[in-house]
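Some notes on the structure that comes next.
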Amino acid sequence: MTEATVLTTRQIEALIPHRWPILLVDRIVEYDAAARRIVGIKAVTATEWFFQGHFPGLPVMPGVLQVEALAQTMAVYVAQQPGFGERIGLFAGIDECRFKRVVSPGDTLRLEVTMDKLGSRFGRGQAVASVDGEVACQARATDWLPVSRRPSTSRAWLYSAHRRAMSASCSIRRSRWASWGLSRSA
């Protein structure tokens with residue numbers, strides 16, 4: 001059964017900055033602002049770039065890309081909310097993530113996100129990726145929402161923004177930065 005398209009790939013590209021090959025949402029089929037819910041679709045094809053090495057002879061969509069597809073679906077929801085259209089949501093956290101089914105070429109991944117909270121700086125939602133009604137991946141995702149869409153494209157700004165997001169949403173001790181070989185100065 002084919003679901004009606006609410007947003008096409010081109011309309012999604014107008015809302016979020018992702019482009020091929022990392023754009024992992026083909027279309028939006030449901031959007032309900034009152035219920036704080038959005039559903040996207042990703043048709044997983046045999047020609048996906050990641051199948052070349054994951055795994056030859058047994059192609060499996062990496063779990064991290066399933067989570068990224070859910071985060072992009074959340075970003076589309078957030079971008080459509082009043083006052084958020086010019087902001088890029090940066091992935092700030094993933095909690096209670098579980099993978100329950102292999103996603104292979106030929107599968108259609110249904111990406112459903114229901115927002116729990118959407119404040120001026122952070123958004124959090126329940127995210128479920130499924131194939132034919134069977135859960136493939138589920139998690140609670142958090143986005144950090146900086147003030148403007150593109151304050152700078154410099155590498156220093158991106159590092160700084162990511163560091164602020166991680167400090168605000170995670171309980172990583174500052175001493176771990178050194179053990180990871182990262183400098184605390186931006």
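Residue names in the structure tokens use chain letters A, B, ... in the order shown, residue numbers from 1 in each chain, and ligand numbers from 1 in the order shown.
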(Q) I want to know what sits within 12 Å of segment 50-55 of chain A, based on only C-alpha atoms, with residues of the same chain fewer than 2 positions away left out; could you give that as a PyMOL selection string? (A) chain A and resi 21-22+24+44-48+57-66+103-105
Residue subset to file, keeping N, CA, C and O atoms, as an mmCIF file, in the first residue's frame:
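Final output, again_5.cif:
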data_model
loop_
_atom_site.group_PDB
_atom_site.id
_atom_site.type_symbol
_atom_site.label_atom_id
_atom_site.label_comp_id
_atom_site.auth_asym_id
_atom_site.auth_seq_id
_atom_site.Cartn_x
_atom_site.Cartn_y
_atom_site.Cartn_z
ATOM 1 N N PRO A 21 24.806 11.977 -0.482
ATOM 2 C CA PRO A 21 24.288 10.652 -0.176
ATOM 3 C C PRO A 21 23.787 10.489 1.260
ATOM 4 O O PRO A 21 23.344 9.409 1.615
ATOM 5 N N ILE A 22 23.829 11.541 2.088
ATOM 6 C CA ILE A 22 23.462 11.371 3.488
ATOM 7 C C ILE A 22 22.005 11.714 3.779
ATOM 8 O O ILE A 22 21.529 11.428 4.871
ATOM 9 N N LEU A 24 18.591 10.732 4.226
ATOM 10 C CA LEU A 24 18.062 9.387 4.433
ATOM 11 C C LEU A 24 16.546 9.346 4.593
ATOM 12 O O LEU A 24 15.999 8.353 5.071
ATOM 13 N N VAL A 44 14.946 1.516 0.937
ATOM 14 C CA VAL A 44 16.317 1.008 1.025
ATOM 15 C C VAL A 44 16.590 0.180 -0.229
ATOM 16 O O VAL A 44 15.995 -0.872 -0.431
ATOM 17 N N THR A 45 17.491 0.686 -1.076
ATOM 18 C CA THR A 45 17.785 0.016 -2.348
ATOM 19 C C THR A 45 19.146 -0.683 -2.306
ATOM 20 O O THR A 45 20.005 -0.348 -1.492
ATOM 21 N N ALA A 46 19.340 -1.615 -3.214
ATOM 22 C CA ALA A 46 20.603 -2.362 -3.285
ATOM 23 C C ALA A 46 21.768 -1.480 -3.705
ATOM 24 O O ALA A 46 22.928 -1.849 -3.510
ATOM 25 N N THR A 47 21.489 -0.306 -4.276
ATOM 26 C CA THR A 47 22.560 0.575 -4.749
ATOM 27 C C THR A 47 22.995 1.604 -3.701
ATOM 28 O O THR A 47 23.785 2.483 -4.014
ATOM 29 N N GLU A 48 22.518 1.496 -2.480
ATOM 30 C CA GLU A 48 22.929 2.438 -1.423
ATOM 31 C C GLU A 48 24.442 2.353 -1.239
ATOM 32 O O GLU A 48 25.023 1.264 -1.259
ATOM 33 N N GLY A 57 28.118 -9.420 0.279
ATOM 34 C CA GLY A 57 27.480 -10.723 0.319
ATOM 35 C C GLY A 57 26.322 -10.819 1.302
ATOM 36 O O GLY A 57 25.506 -11.726 1.223
ATOM 37 N N LEU A 58 26.257 -9.907 2.261
ATOM 38 C CA LEU A 58 25.167 -9.878 3.242
ATOM 39 C C LEU A 58 24.883 -8.414 3.582
ATOM 40 O O LEU A 58 25.253 -7.927 4.641
ATOM 41 N N PRO A 59 24.252 -7.671 2.665
ATOM 42 C CA PRO A 59 24.039 -6.242 2.892
ATOM 43 C C PRO A 59 23.070 -5.962 4.040
ATOM 44 O O PRO A 59 21.963 -6.501 4.073
ATOM 45 N N VAL A 60 23.524 -5.144 4.989
ATOM 46 C CA VAL A 60 22.742 -4.763 6.159
ATOM 47 C C VAL A 60 22.875 -3.257 6.332
ATOM 48 O O VAL A 60 23.991 -2.722 6.333
ATOM 49 N N MET A 61 21.747 -2.545 6.477
ATOM 50 C CA MET A 61 21.800 -1.099 6.716
ATOM 51 C C MET A 61 22.356 -0.864 8.118
ATOM 52 O O MET A 61 21.826 -1.392 9.101
ATOM 53 N N PRO A 62 23.443 -0.091 8.237
ATOM 54 C CA PRO A 62 24.028 0.161 9.555
ATOM 55 C C PRO A 62 23.016 0.799 10.507
ATOM 56 O O PRO A 62 22.247 1.683 10.119
ATOM 57 N N GLY A 63 23.024 0.344 11.743
ATOM 58 C CA GLY A 63 22.123 0.889 12.752
ATOM 59 C C GLY A 63 22.279 2.380 12.943
ATOM 60 O O GLY A 63 21.304 3.105 13.135
ATOM 61 N N VAL A 64 23.516 2.859 12.871
ATOM 62 C CA VAL A 64 23.756 4.287 13.058
ATOM 63 C C VAL A 64 23.056 5.103 11.966
ATOM 64 O O VAL A 64 22.601 6.219 12.210
ATOM 65 N N LEU A 65 22.921 4.549 10.765
ATOM 66 C CA LEU A 65 22.214 5.252 9.693
ATOM 67 C C LEU A 65 20.699 5.188 9.883
ATOM 68 O O LEU A 65 19.982 6.102 9.476
ATOM 69 N N GLN A 66 20.211 4.138 10.524
ATOM 70 C CA GLN A 66 18.797 4.098 10.889
ATOM 71 C C GLN A 66 18.493 5.207 11.892
ATOM 72 O O GLN A 66 17.493 5.918 11.769
ATOM 73 N N VAL A 103 17.765 -4.509 8.540
ATOM 74 C CA VAL A 103 17.199 -3.779 7.407
ATOM 75 C C VAL A 103 18.084 -4.064 6.202
ATOM 76 O O VAL A 103 19.289 -3.833 6.233
ATOM 77 N N SER A 104 17.470 -4.584 5.141
ATOM 78 C CA SER A 104 18.189 -5.044 3.952
ATOM 79 C C SER A 104 17.670 -4.359 2.698
ATOM 80 O O SER A 104 16.604 -3.740 2.723
ATOM 81 N N PRO A 105 18.402 -4.491 1.576
ATOM 82 C CA PRO A 105 17.911 -3.935 0.318
ATOM 83 C C PRO A 105 16.514 -4.460 -0.003
ATOM 84 O O PRO A 105 16.218 -5.628 0.213
#
Q: Skip Gln11 of chain A itself and residues of its chain fewer than 3 positions away, then list as an NGL selection string all residues within 10 Å of it, counting only C-alpha atoms.
A: :A and (6-8 or 14-16 or 27-28 or 76)
Q: Report the distance between atom CA of Thr114 of chain A and atom CA of Val128 of chain A in Å, rounded to one decimal place.
A: 8.9 Å
Q. Which neighbours of Asp95 of chain A fall inside 12 Å, counting only C-alpha atoms, when residues of the same chain fewer than 6 positions from it are skipped, and could you give them as number ranges by chain?
A. A: 67, 124-127, 137-143, 169-170
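Comparing the minimum interatomic distances between Tyr77 of chain A and each of A:Val25, A:Leu145, A:Ala136, A:Ala33, counting only C-alpha atoms, we find that A:Ala33 sits nearest.
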Q.
Using only C-alpha atoms, can you tell me which of A:Ala34, A:Pro56, A:Gln72, A:Phe122 comes closest to Glu13 of chain A?
A. A:Gln72
Q) Of the residues A:Ile41, A:Ala129, A:Leu90, A:Met115, which is the one nearest to Asp26 of chain A, using only C-alpha atoms? A) A:Ile41
